[in-house]
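**Q** I am attaching a structure below and will ask some questions about it afterwards.
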Amino acid sequence: MRTAYSNLIDGWFAAGEEQPARACVDLAVQQGVWEQPLQRDRDHVDGLTAQPLPDPGQFWFVHHLERHFAEISAEIRAVLGGVDDPVRPTVEDDWLLRAGSWQQAYLFREGEWQEDVCARLPVTQAILAEIPEMTTLSPGVILLSRLAPGTHIMPHCGSTNAVLRVHLPIIPAEGASIRVGTETSTWEEGRCLVFDDSFEHEVWHRGEEDRVVLIMDVLHPGVDAAHRAALLANRPTVQQRVTAFLRDRGLAEVRVVDGRLQCTADGSTAHKVGRYLDVLGVPGVRVSADGSWRPFRAGVGD
Amino acid sequence: MTVPTPRERPLRQFGRLLSGHLAKNRTVPLQDLATSILRDPSGGRGWIIPAINASIRARVALTSARDRSVAILGNQPPVRDDDVPHARLSVLCPSRQRPGGLRRLLRSMAGTATHPERIEVLCYVDSDDPAVARYRKMLDGRLVTGLDRVVLQVGEPIGLPAAWNALAAAATGDLLAMANDDQVYVQRGWDLALDRRVQELSASHADGVFCMYFDADQYPEGSADFPIVTRAWFEGLGYFSPEMFQQWQAERWIFDIARRLDRLYPIAGVRVDHLHFQDYTAPFDATYQRHRITREKSLADHALYIRADVDRERAAQVLRGLIDRTASPATVTGPKEDTMAMSVEDTGVEPGDGPLTGTRGYILQTARRHYANLIDAWHYGGRPADAWACAELAVAQGVWEHPLQRAREYIPGLEARPLHDAGTFWFTALLEQRYPEIRAEIESVLNRPDDPVQRTTDDNALILAGDWKQAHLFRDGAWQEDVARHFPVTRAILDGIPEVTTFSPGVITVSRVVPGTHIMAHCGPTNATLRIHLPLIVPPGVWIRVADEKLTWEEGRCLVFDDSFEHEVGHEGDTDRIVLILDTLHPDLAGQHSQRLLQRRLTTEEQMVAFLRDGGFAEVRREGDDLVFEPEPALRDLILRYMENTGVTGAELRGDAVRWHRPAGAELG
């Protein structure tokens with residue numbers, strides 16, 4: 001229900017139709033889908049303290065990060081804009097972008113360090129590795145986020161209230177601001193900002209230079225042990241990813257044969273694709289990136 | 001479309017257009033350039049088109065005078081007038097913004113025909129044509145042409161193919177000729193050449209089924225233009241022009257059918273000029289630009305033409321049947337009148353009532369999809385009051401017009417009624433007449449070991465209780481051979497109804513609902529189609545609710561409803577309910593919408609490519625009994641890396657469990 005409503009509301013916001021979006025929010029709250037109109041996460045955990053901007057001082061790792069800020073900042077600044085700058089235009093969050101440009105580089109996700117990015121940020125990685133809340137016990141991601149002047153990220157809510165988001169501003173940039181719930185704040189170089197991204201938030205950059213922030217996720221401190229275990233277990237393992245790969249595609253089996261990957265289909269997929277091949281009267285096909293295909297001939301390798 | 005860079009100077013653009021006087025330079029980018037100037041003559045470009053048109057007129061005046069003298073000198077000896085019967089000829093000519101062109105055509109025909117009094121010209125002019133008053137004035141009796149009659153039909157802008165059909169329906173001739181207002185008849189006595197050819201062909205083809213064209217060697221090998229068909233052809237086929245194309249596949253379609261029948265005949269030596277801007281024989285004007293063949297459109301049409309091969313073969317078979325029946329002395333029966341009427345009725349909605357385009361339309365379509373999912377979720381969760389609240393909010397926000405009609409794809413302006421009178425569709429009478437055969441065949445297949453009617457996978461999410469079995473005989477514009485082969489009689493009957501096959505945007509499905517089933521309240525995906533139920537076996541205790549009306553089926557009596565309205569099905573009886581489901585385009589849909597809907601149908605190839613690409617596969621092939629898939633490189637590398645990380649060489653999915661292969665044979669999880 002929350003997902004269906006979120007899609008609808010996001011759709012209106014994405015179209016710049018704020019009024020219909022708010023009307024849908026009000027109806028959803030009236031129907032008991034969410035408790036309050038400004039906190040609309042899809043996976044909501046009941047009973048957690050709901051504060052748009054919790055006090056950063058209560059988290060030990062905030063002090064740790066601020067203490068090491070100079071090293072982190074120096075390393076990141078050195079990498080930015082270089083020939084192998086890993087910060088690239090966002091693909092997954094692109095739809096939130098009303099105007100401007102949003103670039104990201106993931107250091108950590110789904111429980112794993114992302115080696116290609118981390119290789120360029122060894123100091124930062126080492127400092128973060130000392131914070132289990134953000135790594136081994138993190139349900140979320142660590143990423144570098146760069147916003148160009150003129151950017152507007154539309155109002156949206158994160159997926160769950162069980163996770164808090166920590167921003168370490170590397171280049172805060174004058175004129176950039178973030179609204180969380182009803183409160184608007186700005187970034188301050190080297191000073192962590194902690195917010196609950198299940199609250200509706202929106203970002204503008206009306207300044208003149210790129211804004212760069214290191215973003216980290218941590219569990220909400222109110223999440224109990226059982227729930228924490230469940231959330232962490234939800235991080236997909238390699239086995240789960242392989243399983244999902246098979247299941248999503250209707251495959252029965254995958255195996256490595258002479259360094260090549262071969263998959264066989266399950267019954268219904270085999271029936272469907274088998275029928276395609278029968279209709280076309282070919283023993284197999286190859287498709288190209290442009291969508292064209294040609295018959296596969298036995299014995300012709302690539 | 002290629003638009004010239006704004007920096008290119010007008011003089012240079014003029015130069016490029018001038019170069020089109022040489023045939024080798026007449027490229028698509030050149031036409032694109034002319035289009036762009038016609039649409040936006042600003043930036044000092046206003047003089048270019050008039051100048052280029054003047055040059056074209058001058059050239060045409062020179063060359064056509066030469067060509068005509070050659071044509072007249074090369075004329076065959078005149079046919080003796082009383083040698084041949086004079087066929088009555090109907091010339092079907094849609095026209096737009098060119099009363100002058102039409103006058104030129106009429107005068108040229110009247111002036112060169114030996115017997116103009118047996119020619120009728122039927123003109124279709126769009127009601128929104130700025131020149132409509134001039135057409136009326138010109139054709140309202142004052143124009144003395146010597147032709148038998150010139151009929152002006154003013155109607156909705158339905159596009160050329162539908163206009164040809166509308167004119168064909170009103171035609172009274174023995175022969176129907178496709179025409180355009182940019183043709184000029186230049187050869188005296190052309191009509192006697194036509195008569196002579198008809199006489200010859202009628203002698204050898206008693207059925208009268210054939211197709212001709214004027215051929216003065218101007219066409220490349222294997223090509224032709226402007227077909228002339230006989231009345232037997234037109235009535236046998238039931239339509240003059242196919243309507244599914246956006247552009248010019250109509251002639252090609254007719255000629256292709258004629259070739260399949262081996263009934264395509266040139267009328268040799270007769271020249272009809274076709275003045276066309278593509279050939280630099282007509283000025284560039286707004287009408288050409290309106291109908292211009294863009295590459296996108298022509299590719300889409302080409303693809304559709306290829307994939308509609310089966311439909312042309314069917315058409316050829318219909319005519320072949322007519323030919324065979326004439327050869328043997330059996331009588332011809334069947335609802336031909338009604339089949340013809342179909343093409344004519346497909347005229348259309350008011351201009352401006354089309355789907356919203358651009359951003360607003362896109363936003364609404366997106367909102368419809370999200371709202372529909374949300375409302376479905378409430379229904380599925382058993383909370384209809386909450387579903388209703390959402391539907392009402394959606395209507396208040398302008399997403400739909402009625403809370404009970406919630407199609408994800410919604411075309412505003414179509415008549416919106418939950419139930420339609422089955423009697424307004426000619427083919428419901430045919431279905432009801434043939435109901436015993438259809439029922440007998442389907443009944444005989446049910447419960448056999450190879451019964452294709454199996455649990456639905458498509459509509460699984462709609463079943464609150466019970467079981468719903470389906471088999472699609474037809475979908476994506478094609479018969480599904482693995483199912484349809486079980487139902488040859490039904491298929492043959494339905495093949496005679498283009499509205500539910502050739503021109504169907506949807507499916508033909510045998511639907512079987514078992515006792516105890518409850519299919520939740522839901523709306524169909526689009527209001528562009530209507531759904532027809534031919535109830536085959538209806539036990540007591542079954543019902544369907546469409547919007548506010550709850551009703552039940554009656555065996556052998558068609559029910560026509562708009563499934564974009566909320567509907568719900570229940571079965572409280574004791575034995576299975578069997579219905580044959582058919583889809584047809586909403587009768588208010590104009591040509592353009594129906595073309596778009598028909599083009600959305602996917603061929604097997606397209607479905608296969610979509611499946612492989614969605615799954616990230618580069619290749620699939622048979623190996624023994626198995627189908628082997630190879631992922632595309634990026635996905636392959638990712639999965640290989642996962643497997644390397646965990647040291648496995650393979651994984652097998654067995655229901656919910658996974659079996660891992662390790663090099664040493666050890667197993668995990």
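Residues in the structure tokens are named by chain (A, B, ... in the order shown) and by number from 1 within that chain; ligands are numbered from 1 in the order shown.
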Env of region 432-445 of chain B: 8 Å cut, atoms = only C-alpha atoms, seq-sep filter 3 positions within chain, self excluded. Answer as a ChimeraX atom specification.
**A** /B:428-429,448,450-451,486-487,489-490,493,534,536-537,556-558
**Q** Skip region 184-194 of chain B itself and residues of its chain fewer than 2 positions away, then list as a compact mmCIF listing (two decimals) with N, CA, C and O atoms, in the first residue's frame all residues within 9 Å of it, counting only C-alpha atoms.
**A**
```
# COMPACT_ATOMS: atom_id res chain seq x y z
N ARG B 68 4.56 14.32 -73.29
CA ARG B 68 3.21 14.10 -73.82
C ARG B 68 3.24 13.93 -75.33
O ARG B 68 2.52 13.11 -75.87
N ALA B 71 4.19 10.54 -75.89
CA ALA B 71 3.12 9.61 -75.56
C ALA B 71 2.05 9.59 -76.64
O ALA B 71 1.55 8.53 -77.03
N ILE B 72 1.72 10.77 -77.14
CA ILE B 72 0.65 10.83 -78.14
C ILE B 72 1.12 10.24 -79.47
O ILE B 72 0.43 9.46 -80.11
N ASN B 75 1.15 6.53 -79.47
CA ASN B 75 -0.12 5.90 -79.15
C ASN B 75 -0.43 4.77 -80.12
O ASN B 75 -0.13 4.84 -81.30
N PRO B 78 -6.13 3.77 -82.56
CA PRO B 78 -7.33 3.91 -81.73
C PRO B 78 -8.18 2.66 -81.78
O PRO B 78 -8.33 2.03 -82.82
N VAL B 79 -8.71 2.32 -80.65
CA VAL B 79 -9.59 1.16 -80.56
C VAL B 79 -10.93 1.58 -81.16
O VAL B 79 -11.42 2.67 -80.88
N ARG B 80 -11.50 0.71 -81.93
CA ARG B 80 -12.83 1.05 -82.50
C ARG B 80 -13.83 1.08 -81.35
O ARG B 80 -13.95 0.15 -80.56
N ASP B 81 -14.52 2.17 -81.27
CA ASP B 81 -15.39 2.48 -80.15
C ASP B 81 -16.39 1.37 -79.83
O ASP B 81 -16.60 0.99 -78.70
N VAL B 84 -15.85 -2.60 -77.87
CA VAL B 84 -15.76 -3.03 -76.47
C VAL B 84 -16.91 -2.47 -75.67
O VAL B 84 -17.38 -1.36 -75.93
N HIS B 86 -18.30 -0.57 -72.45
CA HIS B 86 -17.67 0.48 -71.65
C HIS B 86 -17.95 0.26 -70.18
O HIS B 86 -19.09 0.44 -69.75
N ALA B 87 -16.93 -0.13 -69.46
CA ALA B 87 -17.09 -0.37 -68.02
C ALA B 87 -17.35 0.95 -67.31
O ALA B 87 -16.81 1.99 -67.70
N GLY B 101 -5.68 21.30 -58.00
CA GLY B 101 -5.18 19.99 -58.43
C GLY B 101 -6.32 19.08 -58.83
O GLY B 101 -6.26 18.38 -59.85
N ARG B 104 -7.68 20.10 -62.13
CA ARG B 104 -6.78 19.66 -63.20
C ARG B 104 -7.01 18.19 -63.52
O ARG B 104 -7.06 17.78 -64.66
N LEU B 105 -7.18 17.38 -62.45
CA LEU B 105 -7.42 15.95 -62.66
C LEU B 105 -8.74 15.74 -63.41
O LEU B 105 -8.79 14.99 -64.40
N LEU B 106 -9.81 16.42 -62.94
CA LEU B 106 -11.13 16.23 -63.56
C LEU B 106 -11.09 16.63 -65.03
O LEU B 106 -11.59 15.91 -65.90
N ARG B 107 -10.50 17.78 -65.28
CA ARG B 107 -10.47 18.26 -66.67
C ARG B 107 -9.65 17.34 -67.55
O ARG B 107 -9.98 17.08 -68.70
N SER B 108 -8.53 16.83 -66.97
CA SER B 108 -7.68 15.98 -67.80
C SER B 108 -8.39 14.68 -68.12
O SER B 108 -8.28 14.15 -69.23
N MET B 109 -9.14 14.15 -67.15
CA MET B 109 -9.85 12.89 -67.40
C MET B 109 -10.95 13.12 -68.46
O MET B 109 -11.08 12.37 -69.42
N ALA B 110 -11.73 14.17 -68.21
CA ALA B 110 -12.85 14.44 -69.11
C ALA B 110 -12.34 14.77 -70.51
O ALA B 110 -12.94 14.37 -71.52
N GLY B 111 -11.21 15.48 -70.54
CA GLY B 111 -10.71 15.94 -71.83
C GLY B 111 -10.05 14.85 -72.64
O GLY B 111 -9.91 14.98 -73.86
N THR B 112 -9.61 13.78 -72.01
CA THR B 112 -8.88 12.76 -72.74
C THR B 112 -9.65 11.46 -72.89
O THR B 112 -9.30 10.62 -73.70
N ALA B 113 -10.72 11.29 -72.09
CA ALA B 113 -11.49 10.04 -72.19
C ALA B 113 -12.39 10.09 -73.41
O ALA B 113 -12.92 11.14 -73.77
N THR B 114 -12.57 8.94 -74.04
CA THR B 114 -13.47 8.85 -75.18
C THR B 114 -14.92 8.86 -74.72
O THR B 114 -15.79 9.40 -75.38
N HIS B 115 -15.16 8.22 -73.57
CA HIS B 115 -16.52 8.17 -73.03
C HIS B 115 -16.54 8.65 -71.59
O HIS B 115 -16.73 7.87 -70.66
N PRO B 116 -16.36 9.97 -71.39
CA PRO B 116 -16.31 10.48 -70.00
C PRO B 116 -17.63 10.28 -69.27
O PRO B 116 -17.66 10.31 -68.05
N ASP B 181 -5.02 13.81 -56.19
CA ASP B 181 -5.25 15.06 -56.89
C ASP B 181 -3.99 15.58 -57.59
O ASP B 181 -4.00 16.67 -58.14
N ASP B 182 -2.90 14.80 -57.53
CA ASP B 182 -1.71 15.24 -58.25
C ASP B 182 -1.46 14.39 -59.50
O ASP B 182 -0.36 14.37 -60.03
N ARG B 196 -10.62 -2.37 -73.21
CA ARG B 196 -10.16 -3.52 -73.97
C ARG B 196 -9.51 -4.54 -73.03
O ARG B 196 -9.72 -5.75 -73.14
N ARG B 197 -8.73 -4.01 -72.08
CA ARG B 197 -8.07 -4.89 -71.13
C ARG B 197 -9.11 -5.61 -70.27
O ARG B 197 -9.00 -6.82 -70.03
N VAL B 198 -10.13 -4.87 -69.85
CA VAL B 198 -11.18 -5.48 -69.01
C VAL B 198 -11.90 -6.57 -69.79
O VAL B 198 -12.20 -7.64 -69.28
N GLN B 199 -12.13 -6.29 -71.07
CA GLN B 199 -12.82 -7.28 -71.91
C GLN B 199 -12.01 -8.58 -72.00
O GLN B 199 -12.53 -9.67 -71.80
N MET B 212 -5.64 -4.02 -61.91
CA MET B 212 -4.88 -3.49 -63.04
C MET B 212 -4.18 -2.20 -62.65
O MET B 212 -4.46 -1.62 -61.59
N PHE B 214 -2.18 1.34 -64.85
CA PHE B 214 -1.66 1.94 -66.08
C PHE B 214 -0.15 1.86 -66.09
O PHE B 214 0.50 2.25 -65.12
N ILE B 267 -1.98 -2.16 -67.79
CA ILE B 267 -2.64 -1.69 -69.01
C ILE B 267 -1.53 -0.97 -69.77
O ILE B 267 -1.19 0.18 -69.48
N ALA B 268 -0.92 -1.72 -70.66
CA ALA B 268 0.35 -1.28 -71.23
C ALA B 268 0.18 -0.05 -72.10
O ALA B 268 -0.84 0.11 -72.79
N GLY B 269 1.15 0.79 -72.06
CA GLY B 269 1.22 1.91 -72.98
C GLY B 269 0.40 3.12 -72.58
O GLY B 269 0.43 4.14 -73.26
N VAL B 270 -0.32 3.05 -71.46
CA VAL B 270 -1.11 4.21 -71.04
C VAL B 270 -0.36 4.97 -69.97
O VAL B 270 0.05 4.40 -68.95
N ARG B 271 -0.20 6.24 -70.24
CA ARG B 271 0.56 7.06 -69.33
C ARG B 271 -0.37 7.99 -68.55
O ARG B 271 -1.22 8.67 -69.12
N VAL B 272 -0.20 7.98 -67.21
CA VAL B 272 -0.89 8.96 -66.36
C VAL B 272 0.22 9.67 -65.58
O VAL B 272 0.99 9.01 -64.90
N ASP B 273 0.27 10.98 -65.74
CA ASP B 273 1.33 11.70 -65.03
C ASP B 273 1.01 11.79 -63.56
O ASP B 273 -0.13 11.99 -63.16
N HIS B 274 2.05 11.66 -62.79
CA HIS B 274 1.91 11.83 -61.34
C HIS B 274 2.89 12.92 -60.95
O HIS B 274 4.09 12.75 -61.04
N LEU B 275 2.32 14.07 -60.58
CA LEU B 275 3.18 15.20 -60.27
C LEU B 275 3.50 15.16 -58.79
O LEU B 275 2.61 15.28 -57.96
```
**Q** Counting only C-alpha atoms, give me one row per residue of chain B with an atom at most 6 Å from an atom of chain A, showing the shortest contact pair and its distance in Å to one decimal, sorted by chain then residue number, as JSON lines.
**A**
```
{"residue": "B:His370", "atom": "CA", "partner": "A:Leu8", "partner_atom": "CA", "distance": 4.9}
{"residue": "B:Leu374", "atom": "CA", "partner": "A:Ala4", "partner_atom": "CA", "distance": 4.9}
{"residue": "B:Gly615", "atom": "CA", "partner": "A:Arg249", "partner_atom": "CA", "distance": 5.8}
{"residue": "B:Ala618", "atom": "CA", "partner": "A:Val287", "partner_atom": "CA", "distance": 5.4}
{"residue": "B:Glu619", "atom": "CA", "partner": "A:Arg286", "partner_atom": "CA", "distance": 4.3}
{"residue": "B:Val620", "atom": "CA", "partner": "A:Gly284", "partner_atom": "CA", "distance": 5.4}
{"residue": "B:Arg621", "atom": "CA", "partner": "A:Gly284", "partner_atom": "CA", "distance": 3.8}
{"residue": "B:Arg622", "atom": "CA", "partner": "A:Pro283", "partner_atom": "CA", "distance": 5.8}
{"residue": "B:Leu627", "atom": "CA", "partner": "A:Thr264", "partner_atom": "CA", "distance": 5.6}
{"residue": "B:Val628", "atom": "CA", "partner": "A:Thr264", "partner_atom": "CA", "distance": 4.7}
{"residue": "B:Phe629", "atom": "CA", "partner": "A:Cys263", "partner_atom": "CA", "distance": 5.0}
{"residue": "B:Glu630", "atom": "CA", "partner": "A:Gln262", "partner_atom": "CA", "distance": 5.5}
{"residue": "B:Tyr642", "atom": "CA", "partner": "A:Val238", "partner_atom": "CA", "distance": 5.8}
{"residue": "B:Thr649", "atom": "CA", "partner": "A:Val256", "partner_atom": "CA", "distance": 5.3}
{"residue": "B:Gly650", "atom": "CA", "partner": "A:Arg255", "partner_atom": "CA", "distance": 3.8}
{"residue": "B:Ala651", "atom": "CA", "partner": "A:Val254", "partner_atom": "CA", "distance": 5.3}
{"residue": "B:Glu652", "atom": "CA", "partner": "A:Glu253", "partner_atom": "CA", "distance": 4.3}
{"residue": "B:Leu653", "atom": "CA", "partner": "A:Ala252", "partner_atom": "CA", "distance": 5.2}
```
**Q** Kindly export the residues of the current selection with C-alpha atoms, as a PDB file, in the first residue's frame.
**A**
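Ended up saving to selection_39.pdb:
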```pdb
ATOM      1  CA  HIS B 370       0.026   4.659 -10.334  1.00  0.00           C
ATOM      2  CA  LEU B 374      -2.989   1.755  -5.811  1.00  0.00           C
ATOM      3  CA  GLY B 615      17.036 -10.631 -19.109  1.00  0.00           C
ATOM      4  CA  ALA B 618      23.148 -12.205 -25.679  1.00  0.00           C
ATOM      5  CA  GLU B 619      22.285 -15.630 -26.968  1.00  0.00           C
ATOM      6  CA  VAL B 620      19.962 -18.576 -26.615  1.00  0.00           C
ATOM      7  CA  ARG B 621      20.231 -21.934 -28.310  1.00  0.00           C
ATOM      8  CA  ARG B 622      18.989 -25.480 -28.060  1.00  0.00           C
ATOM      9  CA  LEU B 627      17.708 -24.238 -23.822  1.00  0.00           C
ATOM     10  CA  VAL B 628      21.053 -22.633 -23.074  1.00  0.00           C
ATOM     11  CA  PHE B 629      21.265 -18.906 -22.446  1.00  0.00           C
ATOM     12  CA  GLU B 630      24.415 -16.817 -22.481  1.00  0.00           C
ATOM     13  CA  TYR B 642      30.122 -13.432  -7.612  1.00  0.00           C
ATOM     14  CA  THR B 649      31.142 -23.234 -10.276  1.00  0.00           C
ATOM     15  CA  GLY B 650      27.406 -23.466 -10.577  1.00  0.00           C
ATOM     16  CA  ALA B 651      24.018 -23.058  -8.959  1.00  0.00           C
ATOM     17  CA  GLU B 652      20.711 -24.826  -9.474  1.00  0.00           C
ATOM     18  CA  LEU B 653      17.371 -23.480  -8.425  1.00  0.00           C
TER      19      LEU B 653
END
```
**Q** CA of Arg211 (chain A) and CA of Ser138 (chain A) are how many Å apart?
**A**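 Atom-to-atom, CA of Arg211 (chain A) and CA of Ser138 (chain A) are spaced 24.9 Å apart.
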**Q** Quick one: everything within 6 Å of region 218-220 of chain A, counting only C-alpha atoms, minus sequence neighbours fewer than 5 positions away in the same chain. Send it as a PyMOL selection string.
**A** chain A and resi 133-134+138+162-164
**Q** Leaving out Ile142 (chain A) and any residue of its chain fewer than 4 positions from it, which residues lie within 10 Å of it when counting only C-alpha atoms, given as a PyMOL selection string?
**A** chain A and resi 105-110+113-114+125+128+134-135+138+165-167+214-218
**Q** Identify, with DSSP run on backbone atoms, the residues in region 14-176 of chain A assigned to alpha helix (DSSP H), and express the list as number ranges by chain.
**A** A: 14, 18-30, 60-67, 69-79, 115-118, 122-129
**Q** Point out the residue among B:Val395, B:Leu38, B:Leu264, B:Met244 with the least atom-to-atom distance to Ile52 (chain B), counting only C-alpha atoms.
**A**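 Of the candidates, the smallest distance to Ile52 (chain B) is held by B:Leu38.
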**Q** So that I can check the secondary structure, give me every residue of region 392-470 of chain B assigned strand (DSSP E or B) by backbone DSSP, as a list in words.
**A** His402, Gln405, Glu409, Leu419, His420, Gln454, Arg455, Ile463, Leu464, Ala465, Trp468, Lys469 and Gln470 of chain B
